[in-house]
Structure formats: C-alpha cells, structure tokens
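Engineer: Contents of structure.pdb (PDB, C-alpha atoms, pLDDT in the B column):
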```
ATOM      1  CA  MET A   1       2.422  26.051  40.500  1.00 47.00           C
ATOM      2  CA  ALA A   2       0.602  24.778  37.389  1.00 51.00           C
ATOM      3  CA  ARG A   3      -3.050  23.928  37.665  1.00 57.00           C
ATOM      4  CA  PRO A   4      -3.906  20.260  37.191  1.00 56.00           C
ATOM      5  CA  LEU A   5      -5.595  19.367  33.919  1.00 60.00           C
ATOM      6  CA  SER A   6      -9.362  19.242  34.078  1.00 73.00           C
ATOM      7  CA  PHE A   7      -9.487  16.779  31.171  1.00 82.00           C
ATOM      8  CA  ASP A   8      -7.858  13.564  30.002  1.00 89.00           C
ATOM      9  CA  PRO A   9      -5.372  14.476  27.218  1.00 92.00           C
ATOM     10  CA  ASN A  10      -5.687  11.027  25.599  1.00 94.00           C
ATOM     11  CA  GLU A  11      -9.458  11.333  25.468  1.00 96.00           C
ATOM     12  CA  LYS A  12      -9.205  14.800  23.907  1.00 96.00           C
ATOM     13  CA  LEU A  13      -6.611  13.563  21.409  1.00 96.00           C
ATOM     14  CA  HIS A  14      -8.984  10.769  20.415  1.00 96.00           C
ATOM     15  CA  GLN A  15     -11.819  13.282  20.038  1.00 96.00           C
ATOM     16  CA  ALA A  16      -9.563  15.489  17.912  1.00 97.00           C
ATOM     17  CA  MET A  17      -8.768  12.468  15.738  1.00 95.00           C
ATOM     18  CA  MET A  18     -12.481  11.920  15.173  1.00 94.00           C
ATOM     19  CA  VAL A  19     -13.005  15.593  14.245  1.00 96.00           C
ATOM     20  CA  PHE A  20     -10.126  15.569  11.733  1.00 94.00           C
ATOM     21  CA  TRP A  21     -11.195  12.164  10.418  1.00 92.00           C
ATOM     22  CA  ARG A  22     -14.700  13.463   9.765  1.00 91.00           C
ATOM     23  CA  ASN A  23     -13.797  16.930   8.412  1.00 91.00           C
ATOM     24  CA  GLY A  24     -10.255  16.616   7.098  1.00 90.00           C
ATOM     25  CA  TYR A  25      -7.371  18.891   8.020  1.00 93.00           C
ATOM     26  CA  GLU A  26      -8.475  21.825   5.865  1.00 91.00           C
ATOM     27  CA  GLY A  27     -12.105  21.476   6.947  1.00 91.00           C
ATOM     28  CA  THR A  28     -11.276  21.622  10.653  1.00 94.00           C
ATOM     29  CA  SER A  29     -10.806  24.988  12.287  1.00 95.00           C
ATOM     30  CA  ILE A  30      -9.421  25.745  15.732  1.00 95.00           C
ATOM     31  CA  ASN A  31     -12.894  26.947  16.717  1.00 96.00           C
ATOM     32  CA  THR A  32     -14.368  23.617  15.615  1.00 96.00           C
ATOM     33  CA  LEU A  33     -11.805  21.782  17.736  1.00 96.00           C
ATOM     34  CA  ILE A  34     -12.484  23.991  20.761  1.00 95.00           C
ATOM     35  CA  ASN A  35     -16.227  23.403  20.451  1.00 95.00           C
ATOM     36  CA  GLU A  36     -16.031  19.664  19.751  1.00 94.00           C
ATOM     37  CA  LEU A  37     -13.404  18.940  22.409  1.00 94.00           C
ATOM     38  CA  GLU A  38     -15.113  21.246  24.892  1.00 93.00           C
ATOM     39  CA  ILE A  39     -11.856  22.842  26.023  1.00 93.00           C
ATOM     40  CA  ASN A  40     -10.690  26.421  25.807  1.00 91.00           C
ATOM     41  CA  ARG A  41      -8.160  27.779  23.323  1.00 93.00           C
ATOM     42  CA  PHE A  42      -5.419  28.104  25.957  1.00 93.00           C
ATOM     43  CA  SER A  43      -5.820  24.457  27.027  1.00 92.00           C
ATOM     44  CA  LEU A  44      -5.796  23.275  23.431  1.00 93.00           C
ATOM     45  CA  TYR A  45      -2.590  25.149  22.591  1.00 94.00           C
ATOM     46  CA  SER A  46      -0.798  24.385  25.856  1.00 92.00           C
ATOM     47  CA  GLN A  47      -1.581  20.657  25.682  1.00 93.00           C
ATOM     48  CA  PHE A  48      -1.314  19.978  21.948  1.00 95.00           C
ATOM     49  CA  GLY A  49       0.308  22.987  20.279  1.00 94.00           C
ATOM     50  CA  ASP A  50      -1.104  24.616  17.164  1.00 95.00           C
ATOM     51  CA  LYS A  51      -3.343  22.874  14.629  1.00 96.00           C
ATOM     52  CA  HIS A  52      -0.346  21.543  12.683  1.00 95.00           C
ATOM     53  CA  GLN A  53       1.267  20.037  15.808  1.00 97.00           C
ATOM     54  CA  LEU A  54      -2.062  18.604  16.931  1.00 97.00           C
ATOM     55  CA  TYR A  55      -2.562  16.944  13.560  1.00 96.00           C
ATOM     56  CA  LEU A  56       0.849  15.267  13.788  1.00 96.00           C
ATOM     57  CA  LYS A  57      -0.201  13.909  17.205  1.00 97.00           C
ATOM     58  CA  VAL A  58      -3.540  12.816  15.745  1.00 97.00           C
ATOM     59  CA  LEU A  59      -1.753  10.937  12.935  1.00 96.00           C
ATOM     60  CA  GLU A  60       0.341   9.059  15.493  1.00 97.00           C
ATOM     61  CA  HIS A  61      -2.751   8.316  17.580  1.00 97.00           C
ATOM     62  CA  TYR A  62      -4.561   7.056  14.457  1.00 95.00           C
ATOM     63  CA  ASN A  63      -1.580   4.854  13.712  1.00 95.00           C
ATOM     64  CA  GLN A  64      -1.711   3.318  17.185  1.00 96.00           C
ATOM     65  CA  VAL A  65      -5.452   2.832  17.630  1.00 94.00           C
ATOM     66  CA  VAL A  66      -6.677   2.270  14.064  1.00 93.00           C
ATOM     67  CA  TYR A  67      -3.882   1.404  11.629  1.00 94.00           C
ATOM     68  CA  GLN A  68      -1.604  -0.936  13.596  1.00 96.00           C
ATOM     69  CA  PRO A  69      -4.494  -3.204  14.684  1.00 95.00           C
ATOM     70  CA  LEU A  70      -5.318  -3.657  10.986  1.00 94.00           C
ATOM     71  CA  LEU A  71      -1.791  -4.885  10.275  1.00 97.00           C
ATOM     72  CA  ILE A  72      -1.564  -7.528  13.016  1.00 97.00           C
ATOM     73  CA  PRO A  73      -2.427 -10.507  10.757  1.00 97.00           C
ATOM     74  CA  LEU A  74       0.334  -9.521   8.329  1.00 97.00           C
ATOM     75  CA  LYS A  75       2.900  -9.808  11.140  1.00 97.00           C
ATOM     76  CA  SER A  76       2.139 -13.511  11.571  1.00 89.00           C
ATOM     77  CA  ASP A  77       4.790 -16.074  12.497  1.00 91.00           C
ATOM     78  CA  THR A  78       3.574 -18.019   9.469  1.00 93.00           C
ATOM     79  CA  PRO A  79       3.614 -15.546   6.570  1.00 94.00           C
ATOM     80  CA  GLY A  80       1.962 -16.283   3.253  1.00 96.00           C
ATOM     81  CA  LYS A  81      -1.421 -16.130   1.580  1.00 97.00           C
ATOM     82  CA  ALA A  82      -3.217 -17.226   4.745  1.00 96.00           C
ATOM     83  CA  ALA A  83      -1.831 -14.194   6.594  1.00 97.00           C
ATOM     84  CA  ILE A  84      -3.027 -11.905   3.796  1.00 98.00           C
ATOM     85  CA  ASP A  85      -6.430 -13.574   3.897  1.00 97.00           C
ATOM     86  CA  ARG A  86      -6.627 -12.987   7.674  1.00 97.00           C
ATOM     87  CA  TYR A  87      -5.599  -9.365   7.073  1.00 97.00           C
ATOM     88  CA  LEU A  88      -8.426  -8.930   4.554  1.00 97.00           C
ATOM     89  CA  GLU A  89     -10.904 -10.519   6.951  1.00 95.00           C
ATOM     90  CA  ASN A  90      -9.701  -8.217   9.757  1.00 94.00           C
ATOM     91  CA  PHE A  91      -9.748  -5.253   7.360  1.00 93.00           C
ATOM     92  CA  SER A  92     -13.354  -5.990   6.387  1.00 93.00           C
ATOM     93  CA  GLU A  93     -14.427  -6.283  10.008  1.00 92.00           C
ATOM     94  CA  LYS A  94     -12.701  -3.093  11.164  1.00 90.00           C
ATOM     95  CA  VAL A  95     -13.567  -0.995   8.122  1.00 87.00           C
ATOM     96  CA  SER A  96     -17.224  -1.975   8.514  1.00 87.00           C
ATOM     97  CA  GLY A  97     -17.365   0.008  11.764  1.00 81.00           C
ATOM     98  CA  PRO A  98     -19.258   3.312  11.943  1.00 79.00           C
ATOM     99  CA  HIS A  99     -16.178   5.573  12.041  1.00 73.00           C
ATOM    100  CA  ALA A 100     -14.834   4.121   8.805  1.00 75.00           C
ATOM    101  CA  ALA A 101     -17.743   5.751   6.988  1.00 75.00           C
ATOM    102  CA  HIS A 102     -15.456   8.815   6.942  1.00 78.00           C
ATOM    103  CA  GLY A 103     -12.929   6.862   4.890  1.00 79.00           C
ATOM    104  CA  CYS A 104      -9.304   6.312   5.829  1.00 86.00           C
ATOM    105  CA  LEU A 105      -7.549   9.240   7.490  1.00 86.00           C
ATOM    106  CA  ILE A 106      -4.279   8.287   5.785  1.00 90.00           C
ATOM    107  CA  GLN A 107      -5.847   7.991   2.350  1.00 87.00           C
ATOM    108  CA  SER A 108      -7.944  11.155   2.747  1.00 85.00           C
ATOM    109  CA  THR A 109      -4.946  13.197   3.809  1.00 89.00           C
ATOM    110  CA  LEU A 110      -2.749  11.952   0.968  1.00 88.00           C
ATOM    111  CA  LEU A 111      -5.529  12.565  -1.561  1.00 84.00           C
ATOM    112  CA  ALA A 112      -5.507  16.258  -0.623  1.00 83.00           C
ATOM    113  CA  GLY A 113      -2.452  16.528  -2.886  1.00 78.00           C
ATOM    114  CA  ASP A 114      -0.491  19.779  -2.749  1.00 82.00           C
ATOM    115  CA  LYS A 115      -2.470  20.967   0.273  1.00 84.00           C
ATOM    116  CA  VAL A 116      -0.801  18.281   2.403  1.00 86.00           C
ATOM    117  CA  ALA A 117       2.040  19.586   4.548  1.00 90.00           C
ATOM    118  CA  PRO A 118       5.341  17.810   3.789  1.00 91.00           C
ATOM    119  CA  GLU A 119       5.557  16.615   7.417  1.00 93.00           C
ATOM    120  CA  PHE A 120       2.138  14.952   7.160  1.00 93.00           C
ATOM    121  CA  LYS A 121       3.021  13.357   3.842  1.00 92.00           C
ATOM    122  CA  GLN A 122       6.294  12.011   5.238  1.00 93.00           C
ATOM    123  CA  VAL A 123       4.526  10.372   8.201  1.00 94.00           C
ATOM    124  CA  LEU A 124       1.782   8.917   6.031  1.00 93.00           C
ATOM    125  CA  ILE A 125       4.065   7.583   3.315  1.00 93.00           C
ATOM    126  CA  LYS A 126       5.917   5.751   6.078  1.00 95.00           C
ATOM    127  CA  ARG A 127       2.602   4.066   7.024  1.00 95.00           C
ATOM    128  CA  VAL A 128       1.832   3.151   3.418  1.00 95.00           C
ATOM    129  CA  ASN A 129       5.339   1.738   3.004  1.00 96.00           C
ATOM    130  CA  GLU A 130       4.876  -0.349   6.145  1.00 97.00           C
ATOM    131  CA  LEU A 131       1.768  -1.982   4.654  1.00 97.00           C
ATOM    132  CA  LYS A 132       3.560  -2.432   1.344  1.00 97.00           C
ATOM    133  CA  SER A 133       6.534  -4.095   3.040  1.00 98.00           C
ATOM    134  CA  LEU A 134       4.346  -6.461   5.079  1.00 98.00           C
ATOM    135  CA  LEU A 135       2.354  -7.475   2.016  1.00 98.00           C
ATOM    136  CA  ARG A 136       5.579  -8.031   0.040  1.00 98.00           C
ATOM    137  CA  ILE A 137       6.966 -10.268   2.809  1.00 98.00           C
ATOM    138  CA  ASN A 138       3.792 -12.350   2.829  1.00 98.00           C
ATOM    139  CA  LEU A 139       3.582 -12.596  -0.962  1.00 98.00           C
ATOM    140  CA  LYS A 140       7.257 -13.579  -1.174  1.00 98.00           C
ATOM    141  CA  ALA A 141       6.674 -16.230   1.505  1.00 98.00           C
ATOM    142  CA  ALA A 142       3.718 -17.557  -0.507  1.00 97.00           C
ATOM    143  CA  GLN A 143       5.931 -17.703  -3.585  1.00 97.00           C
ATOM    144  CA  ASP A 144       8.674 -19.509  -1.642  1.00 97.00           C
ATOM    145  CA  GLN A 145       6.056 -21.988  -0.378  1.00 96.00           C
ATOM    146  CA  GLY A 146       4.972 -22.681  -3.972  1.00 96.00           C
ATOM    147  CA  ASP A 147       1.598 -21.076  -3.216  1.00 96.00           C
ATOM    148  CA  LEU A 148       1.899 -18.073  -5.552  1.00 96.00           C
ATOM    149  CA  ALA A 149       2.188 -18.611  -9.305  1.00 94.00           C
ATOM    150  CA  MET A 150       2.073 -14.936 -10.267  1.00 95.00           C
ATOM    151  CA  PRO A 151       4.905 -12.358  -9.910  1.00 97.00           C
ATOM    152  CA  VAL A 152       5.182 -10.838  -6.430  1.00 98.00           C
ATOM    153  CA  LYS A 153       5.393  -7.249  -7.716  1.00 97.00           C
ATOM    154  CA  ALA A 154       2.245  -7.570  -9.842  1.00 97.00           C
ATOM    155  CA  CYS A 155       0.346  -9.118  -6.928  1.00 97.00           C
ATOM    156  CA  LEU A 156       1.621  -6.444  -4.541  1.00 98.00           C
ATOM    157  CA  ASP A 157       0.660  -3.566  -6.839  1.00 97.00           C
ATOM    158  CA  PHE A 158      -2.793  -5.037  -7.460  1.00 97.00           C
ATOM    159  CA  THR A 159      -3.369  -5.694  -3.753  1.00 97.00           C
ATOM    160  CA  LEU A 160      -2.453  -2.115  -2.786  1.00 96.00           C
ATOM    161  CA  MET A 161      -4.684  -0.724  -5.529  1.00 95.00           C
ATOM    162  CA  THR A 162      -7.529  -2.984  -4.396  1.00 96.00           C
ATOM    163  CA  ILE A 163      -7.171  -1.937  -0.744  1.00 95.00           C
ATOM    164  CA  ASN A 164      -7.430   1.718  -1.795  1.00 92.00           C
ATOM    165  CA  ALA A 165     -10.482   0.935  -3.917  1.00 93.00           C
ATOM    166  CA  LEU A 166     -12.082  -0.985  -1.030  1.00 93.00           C
ATOM    167  CA  LEU A 167     -11.624   2.022   1.258  1.00 90.00           C
ATOM    168  CA  MET A 168     -13.256   4.271  -1.314  1.00 89.00           C
ATOM    169  CA  ALA A 169     -16.101   1.768  -1.805  1.00 89.00           C
ATOM    170  CA  ARG A 170     -16.713   1.733   1.943  1.00 88.00           C
ATOM    171  CA  LYS A 171     -16.900   5.509   2.058  1.00 84.00           C
ATOM    172  CA  SER A 172     -19.012   5.988  -1.063  1.00 85.00           C
ATOM    173  CA  GLN A 173     -21.119   2.801  -1.241  1.00 89.00           C
ATOM    174  CA  GLY A 174     -21.310   1.509   2.313  1.00 85.00           C
ATOM    175  CA  VAL A 175     -20.606  -1.658   4.260  1.00 90.00           C
ATOM    176  CA  GLU A 176     -22.416  -4.067   1.946  1.00 92.00           C
ATOM    177  CA  ALA A 177     -20.296  -3.066  -1.059  1.00 91.00           C
ATOM    178  CA  LEU A 178     -17.162  -3.320   1.060  1.00 91.00           C
ATOM    179  CA  THR A 179     -18.035  -6.807   2.324  1.00 94.00           C
ATOM    180  CA  GLN A 180     -18.942  -8.139  -1.125  1.00 95.00           C
ATOM    181  CA  ASN A 181     -15.763  -6.791  -2.688  1.00 94.00           C
ATOM    182  CA  VAL A 182     -13.494  -8.007   0.123  1.00 95.00           C
ATOM    183  CA  ASN A 183     -15.008 -11.492  -0.168  1.00 95.00           C
ATOM    184  CA  PHE A 184     -14.500 -11.446  -3.930  1.00 96.00           C
ATOM    185  CA  PHE A 185     -10.888 -10.355  -3.502  1.00 97.00           C
ATOM    186  CA  ARG A 186     -10.239 -13.017  -0.843  1.00 96.00           C
ATOM    187  CA  ASN A 187     -11.506 -15.687  -3.258  1.00 95.00           C
ATOM    188  CA  THR A 188      -9.438 -14.232  -6.116  1.00 95.00           C
ATOM    189  CA  LEU A 189      -6.296 -14.262  -3.962  1.00 95.00           C
ATOM    190  CA  LYS A 190      -6.603 -18.048  -3.530  1.00 93.00           C
ATOM    191  CA  SER A 191      -6.192 -18.562  -7.273  1.00 93.00           C
ATOM    192  CA  TRP A 192      -2.988 -16.539  -7.624  1.00 94.00           C
TER     193      TRP A 192
END
```
Show me the file's structure as structure tokens.
Structural biologist:
Amino acid sequence: MARPLSFDPNEKLHQAMMVFWRNGYEGTSINTLINELEINRFSLYSQFGDKHQLYLKVLEHYNQVVYQPLLIPLKSDTPGKAAIDRYLENFSEKVSGPHAAHGCLIQSTLLAGDKVAPEFKQVLIKRVNELKSLLRINLKAAQDQGDLAMPVKACLDFTLMTINALLMARKSQGVEALTQNVNFFRNTLKSW
C-alpha cells in the first residue's frame, strides 16, 4: 500500500513555478528544487517526473494561474478597442505585482533560444499564438465597427512588440516605467 503524500502537490507545483520563474530552466537544478520545495528527491520524481517533465507541468500551471487571467478582457462579448484597453489595464495591474519582477516565464523561456527544448517551445508558441489571435479578433472587430483606421496587421504587430517591450521594461526598469508606458500605449491606441 502506497504511503499518503505528506505535501500538497498543487502547492509544490506552484512553488516549483516560482523557482523556475526566478532562475530560469537552465539556472534551476534538481538540488535547488529539492531545497526550495522542501521535499526529497524520491517525492519530487515520483510526483512530478524529471526536471523536463516538471517544467512542462510548470508551464501549464503558469498558463492557468498567470497567463489566462491576463487574457480575460480580450475574450469579451463586445470585442474591439475597449476590450484591448481593458486588457492593457489588467496587464498593467497584474504585471505590477512582485512576482512579475522576474519577467514573463513565457518570454524568458523563448528568449533562451537554442537552449529551449522543442517541447517547451511548442507549448509556449501556442500561448503566444493565442494572444495574437485574441488581439487580431479585437482589432478586426474595431475595424468592422469603424473604430480602427489603420491596418489590422500593422496594429497587431506593433501591439505584440509593445507588449514584449513592456514586459522587459517591467523587469529592467520597474513598476513605474511599466505603468507610464502602458498608459502611453493605451492613449496611443485610442488614436488608431
């Protein structure tokens, strides 16, 4: 008969997410995970698998608890510029939190380039494409409503580039720079 777990797997998965978010995949060793999660090697492997398998679980957890809540305004019943504006407001609020000082786990992982395992890249590109699709839907709706004078593709490309830059500004320059730049972008969006 198997022994009952002496820890909450969801809590440990969340802790593992924070460790990877802070240190990156390459910068996180199994020993670091064991120490930070305060579980033994056997428990780590039996519950989550090896480091690679754990990271895939962490990416899904990040998607559920961090990424999807950011996207909620873009899934509005009334798509358009107002939905994008609410997304940017939500983005600013959430990315101002203390954990976001580590940057974006998706962005950080993708920026690792060739070091990124193909499985990780595949999962993360799916997330990026989800954001891209939601923004495109909202920009197209704005265009259909006569509320967007500029080409959808140009606006989409610029918005994605700006979101990436905002994440980097948050990580490198802090909350104040993030807030100022999000507010500037929100005002710029109104004139498109």
Engineer: Identify which of the residues A:Asp147, A:Glu176, A:Asp50, A:Asp8 lies closest to Ser191 in chain A, counting all atoms listed in the file when measuring atom-to-atom distances.
Structural biologist: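 Ranking A:Asp147, A:Glu176, A:Asp50, A:Asp8 by distance to Ser191 in chain A, first place goes to A:Asp147.
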Engineer: Restricting the calculation to only C-alpha atoms, which member of A:Ile137, A:Val19, A:Leu56, A:Leu189 is positioned closest to Ala149 in chain A?
Structural biologist: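 Among A:Ile137, A:Val19, A:Leu56, A:Leu189, it is A:Leu189 that comes nearest to Ala149 in chain A.
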Engineer: Report as a ChimeraX atom specification the full result of the PyMOL selection byres ((chain A and resi 167) around 9) when it is applied to this structure.
Structural biologist: /A:95,100,103-104,107,162-166,168-172,178
Engineer: Restrict the selected residues to C-alpha atoms and save them as a PDB file, in the coordinates of the input.
Structural biologist:
```
ATOM      1  CA  VAL A  95     -13.567  -0.995   8.122  1.00 87.00           C
ATOM      2  CA  ALA A 100     -14.834   4.121   8.805  1.00 75.00           C
ATOM      3  CA  GLY A 103     -12.929   6.862   4.890  1.00 79.00           C
ATOM      4  CA  CYS A 104      -9.304   6.312   5.829  1.00 86.00           C
ATOM      5  CA  GLN A 107      -5.847   7.991   2.350  1.00 87.00           C
ATOM      6  CA  THR A 162      -7.529  -2.984  -4.396  1.00 96.00           C
ATOM      7  CA  ILE A 163      -7.171  -1.937  -0.744  1.00 95.00           C
ATOM      8  CA  ASN A 164      -7.430   1.718  -1.795  1.00 92.00           C
ATOM      9  CA  ALA A 165     -10.482   0.935  -3.917  1.00 93.00           C
ATOM     10  CA  LEU A 166     -12.082  -0.985  -1.030  1.00 93.00           C
ATOM     11  CA  MET A 168     -13.256   4.271  -1.314  1.00 89.00           C
ATOM     12  CA  ALA A 169     -16.101   1.768  -1.805  1.00 89.00           C
ATOM     13  CA  ARG A 170     -16.713   1.733   1.943  1.00 88.00           C
ATOM     14  CA  LYS A 171     -16.900   5.509   2.058  1.00 84.00           C
ATOM     15  CA  SER A 172     -19.012   5.988  -1.063  1.00 85.00           C
ATOM     16  CA  LEU A 178     -17.162  -3.320   1.060  1.00 91.00           C
TER      17      LEU A 178
END
```
Engineer: Could you list, with a cut-off of 9 Å and counting only C-alpha atoms, the residues of range 31-135 of chain A near range 156-161 of chain A, each shown with its nearest atom pair and the distance in Å rounded to one decimal, rows sorted by chain and ascending number, as a tab-separated table?
Structural biologist:
```
residue	atom	partner	partner_atom	distance
A:Leu131	CA	A:Leu160	CA	8.6
A:Lys132	CA	A:Leu160	CA	7.3
A:Leu135	CA	A:Leu156	CA	6.7
```
Engineer: Can you tell me, as lines of an AutoDock Vina configuration file, the centre and edge lengths (Å, one decimal) of the axis-aligned box enclosing all of range 105-112 of chain A's listed atoms after padding each side by 4 Å?
Structural biologist:
```
center_x = -5.3
center_y = 12.1
center_z = 3.0
size_x = 13.2
size_y = 16.3
size_z = 17.1
```
Engineer: Which polymer residues have any atom within 12 Å of an atom of Leu110 in chain A, counting all atoms listed in the file, with same-chain residues fewer than 2 positions away left out, as a ChimeraX atom specification?
Structural biologist: /A:24-25,104-108,112-128,164
Engineer: How would you write, as an MDAnalysis selection string, the residues chosen by the PyMOL selection byres ((chain A and resi 82) around 12) on this structure?
Structural biologist: chainID A and resid 73:81 83:89 135 138:139 141:142 145 147:148 186:187 189:190
Engineer: Save the residues we just selected, C-alpha atoms, as a PDB file, in the frame of the given file?
Structural biologist:
```
ATOM      1  CA  PRO A  73      -2.427 -10.507  10.757  1.00 97.00           C
ATOM      2  CA  LEU A  74       0.334  -9.521   8.329  1.00 97.00           C
ATOM      3  CA  LYS A  75       2.900  -9.808  11.140  1.00 97.00           C
ATOM      4  CA  SER A  76       2.139 -13.511  11.571  1.00 89.00           C
ATOM      5  CA  ASP A  77       4.790 -16.074  12.497  1.00 91.00           C
ATOM      6  CA  THR A  78       3.574 -18.019   9.469  1.00 93.00           C
ATOM      7  CA  PRO A  79       3.614 -15.546   6.570  1.00 94.00           C
ATOM      8  CA  GLY A  80       1.962 -16.283   3.253  1.00 96.00           C
ATOM      9  CA  LYS A  81      -1.421 -16.130   1.580  1.00 97.00           C
ATOM     10  CA  ALA A  83      -1.831 -14.194   6.594  1.00 97.00           C
ATOM     11  CA  ILE A  84      -3.027 -11.905   3.796  1.00 98.00           C
ATOM     12  CA  ASP A  85      -6.430 -13.574   3.897  1.00 97.00           C
ATOM     13  CA  ARG A  86      -6.627 -12.987   7.674  1.00 97.00           C
ATOM     14  CA  TYR A  87      -5.599  -9.365   7.073  1.00 97.00           C
ATOM     15  CA  LEU A  88      -8.426  -8.930   4.554  1.00 97.00           C
ATOM     16  CA  GLU A  89     -10.904 -10.519   6.951  1.00 95.00           C
ATOM     17  CA  LEU A 135       2.354  -7.475   2.016  1.00 98.00           C
ATOM     18  CA  ASN A 138       3.792 -12.350   2.829  1.00 98.00           C
ATOM     19  CA  LEU A 139       3.582 -12.596  -0.962  1.00 98.00           C
ATOM     20  CA  ALA A 141       6.674 -16.230   1.505  1.00 98.00           C
ATOM     21  CA  ALA A 142       3.718 -17.557  -0.507  1.00 97.00           C
ATOM     22  CA  GLN A 145       6.056 -21.988  -0.378  1.00 96.00           C
ATOM     23  CA  ASP A 147       1.598 -21.076  -3.216  1.00 96.00           C
ATOM     24  CA  LEU A 148       1.899 -18.073  -5.552  1.00 96.00           C
ATOM     25  CA  ARG A 186     -10.239 -13.017  -0.843  1.00 96.00           C
ATOM     26  CA  ASN A 187     -11.506 -15.687  -3.258  1.00 95.00           C
ATOM     27  CA  LEU A 189      -6.296 -14.262  -3.962  1.00 95.00           C
ATOM     28  CA  LYS A 190      -6.603 -18.048  -3.530  1.00 93.00           C
TER      29      LYS A 190
END
```
Engineer: Go ahead and compute the interatomic distance for CA of Pro151 in chain A and CA of Ser133 in chain A, in Å to one decimal.
Structural biologist: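 Calculated distance between CA of Pro151 in chain A and CA of Ser133 in chain A is 15.4 Å.
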Engineer: For the file shown, what are the residues hit by the PyMOL selection byres ((chain A and resi 10-17) around 7), laid out as JSON, numbers by chain?
Structural biologist: {"A": [8, 9, 18, 19, 20, 21, 33, 37, 58, 62]}
Engineer: Kindly indicate which residue among A:Asn40, A:Thr109, A:Ile72, A:Val65 lies nearest to Asn23 in chain A, using all atoms listed in the file for the distances.
Structural biologist: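 The closest residue to Asn23 in chain A is A:Thr109.
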Engineer: For Gly174 in chain A, which of A:Asn90, A:Arg136, A:Ser96, A:Lys153 is the closest residue, counting only C-alpha atoms?
Structural biologist: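 Of A:Asn90, A:Arg136, A:Ser96, A:Lys153, the one nearest Gly174 in chain A, counting only C-alpha atoms, is A:Ser96.
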Engineer: Can you tell me how far CA of His52 in chain A sits from CA of Glu130 in chain A, in Å to one decimal?
Structural biologist: 23.4 Å
Engineer: So how far away is CA of Ile30 in chain A from CA of Gln53 in chain A, in Å?
Structural biologist: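 Pair CA of Gln53 in chain A / CA of Ile30 in chain A returns 12.1 Å.
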Engineer: Please return range 136-147 of chain A, rebuilt to N, CA, C and O atoms, as a PDB file, keeping the file's coordinate frame.
Structural biologist:
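Contents of rebuild06.pdb, as written:
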```pdb
ATOM      1  N   ARG A 136       4.500  -7.455   0.846  1.00 98.00           N
ATOM      2  CA  ARG A 136       5.579  -8.031   0.040  1.00 98.00           C
ATOM      3  C   ARG A 136       6.178  -9.256   0.745  1.00 98.00           C
ATOM      4  O   ARG A 136       6.399 -10.293   0.111  1.00 98.00           O
ATOM      5  N   ILE A 137       6.415  -9.144   2.038  1.00 98.00           N
ATOM      6  CA  ILE A 137       6.966 -10.268   2.809  1.00 98.00           C
ATOM      7  C   ILE A 137       6.040 -11.473   2.713  1.00 98.00           C
ATOM      8  O   ILE A 137       6.496 -12.613   2.498  1.00 98.00           O
ATOM      9  N   ASN A 138       4.747 -11.245   2.864  1.00 98.00           N
ATOM     10  CA  ASN A 138       3.792 -12.350   2.829  1.00 98.00           C
ATOM     11  C   ASN A 138       3.633 -12.938   1.433  1.00 98.00           C
ATOM     12  O   ASN A 138       3.512 -14.158   1.280  1.00 98.00           O
ATOM     13  N   LEU A 139       3.665 -12.095   0.410  1.00 98.00           N
ATOM     14  CA  LEU A 139       3.582 -12.596  -0.962  1.00 98.00           C
ATOM     15  C   LEU A 139       4.850 -13.369  -1.333  1.00 98.00           C
ATOM     16  O   LEU A 139       4.778 -14.429  -1.979  1.00 98.00           O
ATOM     17  N   LYS A 140       5.983 -12.872  -0.914  1.00 98.00           N
ATOM     18  CA  LYS A 140       7.257 -13.579  -1.174  1.00 98.00           C
ATOM     19  C   LYS A 140       7.259 -14.928  -0.461  1.00 98.00           C
ATOM     20  O   LYS A 140       7.698 -15.942  -1.037  1.00 98.00           O
ATOM     21  N   ALA A 141       6.762 -14.962   0.767  1.00 98.00           N
ATOM     22  CA  ALA A 141       6.674 -16.230   1.505  1.00 98.00           C
ATOM     23  C   ALA A 141       5.757 -17.205   0.772  1.00 98.00           C
ATOM     24  O   ALA A 141       6.067 -18.401   0.659  1.00 98.00           O
ATOM     25  N   ALA A 142       4.634 -16.702   0.251  1.00 97.00           N
ATOM     26  CA  ALA A 142       3.718 -17.557  -0.507  1.00 97.00           C
ATOM     27  C   ALA A 142       4.415 -18.107  -1.751  1.00 97.00           C
ATOM     28  O   ALA A 142       4.270 -19.288  -2.082  1.00 97.00           O
ATOM     29  N   GLN A 143       5.184 -17.260  -2.409  1.00 97.00           N
ATOM     30  CA  GLN A 143       5.931 -17.703  -3.585  1.00 97.00           C
ATOM     31  C   GLN A 143       6.951 -18.777  -3.198  1.00 97.00           C
ATOM     32  O   GLN A 143       7.070 -19.808  -3.868  1.00 97.00           O
ATOM     33  N   ASP A 144       7.681 -18.542  -2.109  1.00 97.00           N
ATOM     34  CA  ASP A 144       8.674 -19.509  -1.642  1.00 97.00           C
ATOM     35  C   ASP A 144       8.039 -20.840  -1.240  1.00 97.00           C
ATOM     36  O   ASP A 144       8.674 -21.885  -1.346  1.00 97.00           O
ATOM     37  N   GLN A 145       6.791 -20.782  -0.778  1.00 96.00           N
ATOM     38  CA  GLN A 145       6.056 -21.988  -0.378  1.00 96.00           C
ATOM     39  C   GLN A 145       5.427 -22.696  -1.578  1.00 96.00           C
ATOM     40  O   GLN A 145       4.787 -23.734  -1.425  1.00 96.00           O
ATOM     41  N   GLY A 146       5.585 -22.121  -2.780  1.00 96.00           N
ATOM     42  CA  GLY A 146       4.972 -22.681  -3.972  1.00 96.00           C
ATOM     43  C   GLY A 146       3.482 -22.406  -4.046  1.00 96.00           C
ATOM     44  O   GLY A 146       2.754 -23.096  -4.762  1.00 96.00           O
ATOM     45  N   ASP A 147       3.027 -21.389  -3.306  1.00 96.00           N
ATOM     46  CA  ASP A 147       1.598 -21.076  -3.216  1.00 96.00           C
ATOM     47  C   ASP A 147       1.241 -19.789  -3.963  1.00 96.00           C
ATOM     48  O   ASP A 147       0.146 -19.265  -3.791  1.00 96.00           O
TER      49      ASP A 147
END
```
